[in-house]
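Here is entry-v2.tsv, consisting of TSV, C-alpha atoms:
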```tsv
chain	number	residue	atom	x	y	z
A	1	MET	CA	91.51	110.35	74.67
A	2	GLY	CA	90.57	109.72	71.07
A	3	GLY	CA	87.84	108.97	68.60
A	4	ARG	CA	88.26	105.20	68.22
A	5	ARG	CA	85.29	102.99	69.02
A	6	ARG	CA	85.38	99.40	70.12
A	7	ASN	CA	83.57	97.06	72.46
A	8	CYS	CA	84.60	97.99	75.97
A	9	THR	CA	84.29	96.01	79.13
A	10	PHE	CA	84.71	97.51	82.56
A	11	SER	CA	85.69	95.65	85.70
A	12	THR	CA	84.53	96.23	89.23
A	13	ARG	CA	85.35	99.59	90.68
A	14	PHE	CA	88.01	98.46	93.09
A	15	ILE	CA	90.72	95.86	93.45
A	16	ARG	CA	91.24	94.40	96.88
A	17	LEU	CA	94.79	93.88	98.05
A	18	ASP	CA	96.05	91.50	100.70
A	19	PHE	CA	95.66	93.92	103.57
A	20	VAL	CA	95.41	93.20	107.26
A	21	LYS	CA	94.51	96.05	109.55
A	22	ARG	CA	97.42	96.55	111.86
A	23	GLU	CA	99.59	99.32	113.11
A	24	ARG	CA	101.21	100.65	109.97
A	25	PRO	CA	104.93	101.46	109.92
A	26	PRO	CA	105.89	105.08	109.22
A	27	LEU	CA	105.42	106.13	105.61
A	28	THR	CA	108.78	106.46	103.88
A	29	PHE	CA	110.05	106.85	100.33
A	30	ASP	CA	111.32	103.28	100.41
A	31	ALA	CA	107.93	101.99	101.57
A	32	ILE	CA	106.17	103.83	98.74
A	33	ARG	CA	108.59	102.48	96.15
A	34	ALA	CA	108.10	98.95	97.50
A	35	ALA	CA	104.30	99.28	97.43
A	36	HIS	CA	104.44	100.59	93.88
A	37	ALA	CA	106.64	97.73	92.74
A	38	GLU	CA	104.25	95.22	94.32
A	39	ARG	CA	101.07	96.77	92.93
A	40	ARG	CA	102.32	98.20	89.63
A	41	ASP	CA	100.41	95.78	87.42
A	42	GLU	CA	97.07	96.32	89.20
A	43	ILE	CA	97.54	100.08	89.19
A	44	ARG	CA	98.41	100.24	85.52
A	45	GLY	CA	95.48	97.98	84.75
A	46	ARG	CA	93.16	100.36	86.55
A	47	LEU	CA	94.55	103.38	84.69
A	48	ALA	CA	94.11	101.49	81.42
A	49	GLU	CA	90.43	100.98	82.29
A	50	PHE	CA	90.03	104.72	82.84
A	51	ALA	CA	91.67	105.37	79.47
A	52	GLU	CA	89.30	102.87	77.85
A	53	ILE	CA	86.31	104.79	79.17
A	54	GLY	CA	87.71	107.98	77.68
A	55	ILE	CA	88.37	106.33	74.32
A	56	CYS	CA	85.17	104.39	73.71
A	57	GLY	CA	82.71	105.11	76.50
A	58	THR	CA	79.54	106.84	75.38
A	59	ASP	CA	78.66	110.35	76.50
A	60	GLU	CA	76.11	108.72	78.79
A	61	ARG	CA	78.97	106.79	80.36
A	62	LEU	CA	80.97	109.99	80.83
A	63	TRP	CA	77.91	111.55	82.45
A	64	GLU	CA	77.63	108.58	84.81
A	65	GLU	CA	81.22	109.14	85.89
A	66	MET	CA	80.50	112.80	86.58
A	67	VAL	CA	77.51	111.88	88.74
A	68	TYR	CA	79.64	109.34	90.59
A	69	CYS	CA	81.97	112.21	91.51
A	70	PHE	CA	78.98	114.30	92.65
A	71	PHE	CA	78.25	111.44	95.05
A	72	THR	CA	81.79	111.07	96.41
A	73	GLY	CA	82.21	114.73	97.40
A	74	GLY	CA	82.28	114.75	101.21
A	75	CYS	CA	81.38	111.04	101.26
A	76	SER	CA	83.09	107.70	100.77
A	77	ALA	CA	83.88	106.12	97.43
A	78	ARG	CA	81.80	103.10	98.36
A	79	MET	CA	78.80	105.31	99.08
A	80	GLY	CA	79.33	106.79	95.64
A	81	MET	CA	79.34	103.35	94.05
A	82	ARG	CA	76.17	102.26	95.84
A	83	SER	CA	74.49	105.51	94.86
A	84	ILE	CA	75.34	105.14	91.17
A	85	ASP	CA	73.92	101.63	91.20
A	86	ALA	CA	70.72	102.99	92.75
A	87	VAL	CA	70.11	105.73	90.17
A	88	ARG	CA	71.66	104.38	86.95
A	89	PRO	CA	68.29	103.87	85.17
A	90	LEU	CA	67.34	107.47	86.05
A	91	LEU	CA	70.53	109.31	85.12
A	92	MET	CA	69.40	110.64	81.74
A	93	THR	CA	65.72	111.32	82.32
A	94	GLY	CA	64.83	110.90	85.99
A	95	GLU	CA	63.13	113.78	87.81
A	96	GLN	CA	64.52	115.18	91.03
A	97	LEU	CA	61.93	113.49	93.23
A	98	GLU	CA	62.53	110.09	91.59
A	99	LEU	CA	66.28	110.46	92.05
A	100	ALA	CA	65.91	111.55	95.67
A	101	GLN	CA	63.68	108.58	96.43
A	102	ALA	CA	66.17	106.19	94.83
A	103	LEU	CA	69.00	107.71	96.90
A	104	THR	CA	67.15	107.69	100.21
A	105	GLY	CA	68.85	105.25	102.54
A	106	VAL	CA	71.76	104.93	100.12
A	107	HIS	CA	73.40	108.37	100.09
A	108	ARG	CA	73.88	110.75	102.98
A	109	TYR	CA	72.42	113.69	101.03
A	110	PRO	CA	69.70	112.35	98.71
A	111	ASN	CA	67.95	115.67	98.14
A	112	ALA	CA	71.05	117.78	97.52
A	113	ARG	CA	72.69	115.24	95.22
A	114	SER	CA	69.51	114.66	93.22
A	115	ARG	CA	69.31	118.41	92.67
A	116	TYR	CA	72.94	118.42	91.47
A	117	ILE	CA	72.06	115.77	88.89
A	118	VAL	CA	69.00	117.52	87.51
A	119	ALA	CA	70.56	120.99	87.42
A	120	SER	CA	73.84	119.85	85.86
A	121	ARG	CA	72.09	117.62	83.33
A	122	GLY	CA	69.88	120.49	82.25
A	123	PHE	CA	72.84	122.83	81.84
A	124	LEU	CA	74.97	120.33	79.91
A	125	THR	CA	72.08	119.43	77.63
A	126	GLU	CA	71.54	123.09	76.74
A	127	HIS	CA	75.23	124.04	76.65
A	128	CYS	CA	76.73	121.19	74.60
A	129	GLY	CA	73.93	118.74	73.85
A	130	MET	CA	75.44	116.43	76.48
A	131	ARG	CA	78.41	115.82	74.15
A	132	LEU	CA	80.82	115.64	77.03
A	133	ARG	CA	83.77	114.10	75.18
A	134	THR	CA	83.71	116.82	72.53
A	135	LYS	CA	83.42	119.54	75.15
A	136	LEU	CA	86.22	118.26	77.35
A	137	GLN	CA	88.55	117.70	74.41
A	138	SER	CA	87.96	121.27	73.23
A	139	PHE	CA	90.21	122.80	75.89
A	140	SER	CA	93.79	123.61	74.93
A	141	PHE	CA	95.23	123.40	78.44
A	142	PRO	CA	94.64	120.87	81.24
A	143	GLN	CA	94.10	123.55	83.89
A	144	GLU	CA	91.50	125.26	81.70
A	145	ARG	CA	89.55	122.01	81.43
A	146	ARG	CA	89.44	121.45	85.18
A	147	ASP	CA	88.76	125.12	85.93
A	148	TRP	CA	85.69	124.99	83.68
A	149	LEU	CA	84.27	122.00	85.56
A	150	VAL	CA	84.79	123.74	88.91
A	151	ARG	CA	83.89	127.31	88.02
A	152	GLU	CA	80.97	126.79	85.66
A	153	PRO	CA	77.90	127.68	87.77
A	154	GLY	CA	75.72	125.35	85.72
A	155	ILE	CA	77.66	122.32	86.96
A	156	LYS	CA	76.94	121.54	90.59
A	157	GLY	CA	78.98	119.53	93.04
A	158	LEU	CA	82.50	119.53	91.59
A	159	GLY	CA	85.31	121.12	93.57
A	160	TYR	CA	88.93	120.72	92.51
A	161	LYS	CA	89.23	117.28	94.10
A	162	GLU	CA	86.03	115.98	92.54
A	163	ALA	CA	86.80	117.50	89.12
A	164	SER	CA	90.27	115.93	89.20
A	165	HIS	CA	88.72	112.60	90.18
A	166	TYR	CA	86.25	112.84	87.31
A	167	LEU	CA	88.89	113.67	84.71
A	168	ARG	CA	91.14	110.85	85.90
A	169	ASN	CA	88.24	108.38	85.76
A	170	ILE	CA	87.56	109.19	82.10
A	171	GLY	CA	91.16	108.91	80.97
A	172	PHE	CA	92.70	112.35	81.38
A	173	ARG	CA	96.01	112.29	83.22
A	174	GLY	CA	98.04	114.72	85.28
A	175	TYR	CA	95.42	115.82	87.84
A	176	ALA	CA	95.96	115.27	91.57
A	177	ILE	CA	93.06	113.87	93.57
A	178	LEU	CA	93.84	115.44	96.92
A	179	ASP	CA	91.55	113.43	99.17
A	180	LYS	CA	92.21	112.79	102.83
A	181	HIS	CA	94.36	109.72	102.21
A	182	VAL	CA	96.73	111.53	99.85
A	183	LEU	CA	96.82	114.66	102.02
A	184	ASN	CA	97.52	112.60	105.14
A	185	SER	CA	100.35	110.87	103.28
A	186	LEU	CA	101.87	114.20	102.24
A	187	ALA	CA	101.62	115.49	105.81
A	188	GLU	CA	103.20	112.32	107.18
A	189	LEU	CA	106.09	112.77	104.75
A	190	LYS	CA	106.45	116.41	105.94
A	191	ILE	CA	105.76	117.67	102.42
A	192	ILE	CA	102.80	119.75	103.57
A	193	ASP	CA	102.25	121.20	107.04
A	194	ASP	CA	98.55	120.47	107.39
A	195	PRO	CA	96.43	117.68	105.84
A	196	LYS	CA	93.36	119.92	105.85
A	197	PRO	CA	91.77	119.93	102.36
A	198	PRO	CA	92.83	123.00	100.35
A	199	ASN	CA	89.89	125.39	100.08
A	200	THR	CA	91.09	127.66	97.27
A	201	ARG	CA	92.39	127.10	93.77
A	202	LEU	CA	95.81	128.50	94.70
A	203	LYS	CA	96.16	126.17	97.69
A	204	TYR	CA	95.06	123.19	95.62
A	205	LEU	CA	97.58	123.93	92.89
A	206	SER	CA	100.32	124.43	95.48
A	207	ALA	CA	99.68	121.02	97.04
A	208	GLU	CA	99.39	119.47	93.58
A	209	ASP	CA	102.80	120.86	92.64
A	210	LYS	CA	104.30	119.36	95.80
A	211	LEU	CA	102.86	115.98	94.87
A	212	LYS	CA	104.39	116.32	91.41
A	213	ASN	CA	107.76	117.11	92.98
A	214	LEU	CA	107.40	113.95	95.06
A	215	THR	CA	106.90	111.87	91.94
A	216	ASN	CA	110.20	113.17	90.59
A	217	LYS	CA	112.00	112.22	93.79
A	218	LEU	CA	110.46	108.76	93.85
A	219	GLY	CA	110.71	108.03	90.14
A	220	ILE	CA	107.03	107.00	90.04
A	221	ASP	CA	104.48	108.14	87.46
A	222	PHE	CA	102.25	110.91	88.82
A	223	ASP	CA	98.93	109.14	88.22
A	224	GLU	CA	100.30	105.86	89.54
A	225	LEU	CA	101.49	107.55	92.73
A	226	ASP	CA	97.97	108.69	93.59
A	227	LEU	CA	96.74	105.09	93.52
A	228	VAL	CA	99.79	103.83	95.41
A	229	LEU	CA	99.23	106.25	98.28
A	230	TRP	CA	95.49	105.54	98.32
A	231	SER	CA	96.03	101.80	98.40
A	232	MET	CA	98.62	102.06	101.17
A	233	LYS	CA	96.03	103.79	103.35
A	234	THR	CA	92.95	101.77	102.42
A	235	GLY	CA	94.06	98.38	101.17
A	236	VAL	CA	92.25	98.73	97.83
A	237	ILE	CA	93.00	100.16	94.41
A	238	LEU	CA	89.81	102.08	93.99
A	239	LYS	CA	88.04	103.93	91.22
```

So, in terms of structure tokens, how does the structure I just supplied come out?
Amino acid sequence: MGGRRRNCTFSTRFIRLDFVKRERPPLTFDAIRAAHAERRDEIRGRLAEFAEIGICGTDERLWEEMVYCFFTGGCSARMGMRSIDAVRPLLMTGEQLELAQALTGVHRYPNARSRYIVASRGFLTEHCGMRLRTKLQSFSFPQERRDWLVREPGIKGLGYKEASHYLRNIGFRGYAILDKHVLNSLAELKIIDDPKPPNTRLKYLSAEDKLKNLTNKLGIDFDELDLVLWSMKTGVILK
């Protein structure tokens, strides 16, 4: 993250891989290393796009990414993408009813998510003038930054997974996005006992630490590993 400004261009939100649905072989360390070697360039390109958003995206752009993560909580990434497209003109000024109407038929929870947008926007406007980059860069420690997003009652709709997703998408590194694909991978590798999403901060941090230990064993960058595991399960390198 930094203060430089330049013209930024952003690609589509996911990269398709050659992927045929078939019975997948067991997940192994060797298979992960092979997938990473094959997809390294696409993965690093995607992480570079996230960094670009953090460097030169406007605060409105950072807000859009936060709303996208409101939409993905408990729902699919593609639903989140469709929902952002539906409400983009309304993100800064739209009323709750307008937002709900735009989300109807697009998102599973149009009323709840539209309330998240309005409440969080009002809080952030009052709290920091919507200067999200300045606010997020003000924290001395990575855990403090994520804890604020999750624990601040004025911000609605971000648990630890969604807050980690948001921070990764705007260029911050070192946060695990423990969605079902990553958790299922960890369970398949016998690194965790149960792929059930962690429901407390302590459980989330424990699983995150286990994922970090896995990166050391594999010799793969922590943020790259998240996208490797996701792509192995879904066939795309997604936002």

- At what distance in Å, to one decimal, does CA of Ala100 (chain A) lie from CA of Asp179 (chain A)? 25.9 Å

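Between CA of Leu90 (chain A) and CA of Phe139 (chain A) the separation is 29.3 Å.
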
Sorted per-residue table, region 93-172 of chain A near region 205-229 of chain A, closest atoms and distance, 10 Å, all atoms listed in the file, as a Markdown table:
```
| residue | atom | partner | partner_atom | distance |
| --- | --- | --- | --- | --- |
| A:Gln143 | CA | A:Leu205 | CA | 9.7 |
| A:Tyr160 | CA | A:Leu205 | CA | 9.2 |
| A:Arg168 | CA | A:Asp223 | CA | 8.3 |
| A:Phe172 | CA | A:Asp223 | CA | 9.8 |
```

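Take the candidates A:Lys190, A:Arg61, A:Arg78, A:Arg201 and check each one against Ile170 (chain A) using only C-alpha atoms; the shortest distance goes to A:Arg61.
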
- Message: Report as a list of chain:residue names all protein, DNA and RNA residues lying within 10 Å of Gly154 (chain A), evaluated on all atoms listed in the file, omitting residues in the same chain fewer than 4 positions from it.
- Response: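 Here the qualifying residues turn out to be A:Tyr116, A:Ala119, A:Ser120, A:Arg121, A:Gly122, A:Phe123, A:Leu124, A:His127, A:Leu149, A:Val150.
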
- Item | Close residues, Leu91 (chain A) itself excluded, 9 Å, only C-alpha atoms, min 2 positions apart in chain, as a list in words | Glu60, Trp63, Glu64, Val67, Ile84, Val87, Arg88, Pro89, Thr93, Gly94, Leu99, Ile117, Val118 and Arg121 of chain A

- Message: Quick check, in Å to one decimal: how far apart do CA of Met66 (chain A) and CA of Met130 (chain A) lie?
- Response: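 Value for the CA of Met66 (chain A)-CA of Met130 (chain A) distance: 11.9 Å.
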
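Distances from A:Arg108, A:Thr125, A:Arg82, A:Glu98 to Asp59 (chain A) were compared using all atoms listed in the file, and the smallest one belongs to A:Thr125.
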
- Query: Of the candidates A:Leu167, A:Cys75, A:Ile177, A:Ala35, which shows the shortest atom-to-atom distance to Arg145 (chain A), using all atoms listed in the file?
  - Reply: A:Leu167

- Long-range neighbours of Thr72 (chain A) as number ranges by chain, 12 Å cut-off, all atoms listed in the file, 2 positions minimum in chain: A: 65-70, 74-84, 107-109, 113, 157-159, 161-163, 165-166, 177, 179, 239

Quick one: 3 Å padding each side, axis-aligned, all listed atoms of region 142-161 of chain A - centre and edge lengths in Å to one decimal, as AutoDock Vina command-line options?
```
--center_x 85.2 --center_y 122.5 --center_z 87.7 --size_x 24.9 --size_y 16.4 --size_z 18.9
```

- Message: Could you list, as a VMD selection string, every residue within 6 Å of region 37-50 of chain A, counting only C-alpha atoms and ignoring same-chain residues fewer than 3 positions away?
- Response: chain A and resid 34 53 169 to 171

- Using all atoms listed in the file: which of A:Arg133, A:Lys196, A:Lys156, A:Lys203 has the shortest distance to Ser114 (chain A):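 Of all the options, A:Lys156 lies closest to Ser114 (chain A).
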
- Taking only C-alpha atoms into account, which of A:Thr104, A:Thr134, A:Ala86, A:Asp30 comes nearest Ile55 (chain A)?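 Closest candidate: A:Thr134.
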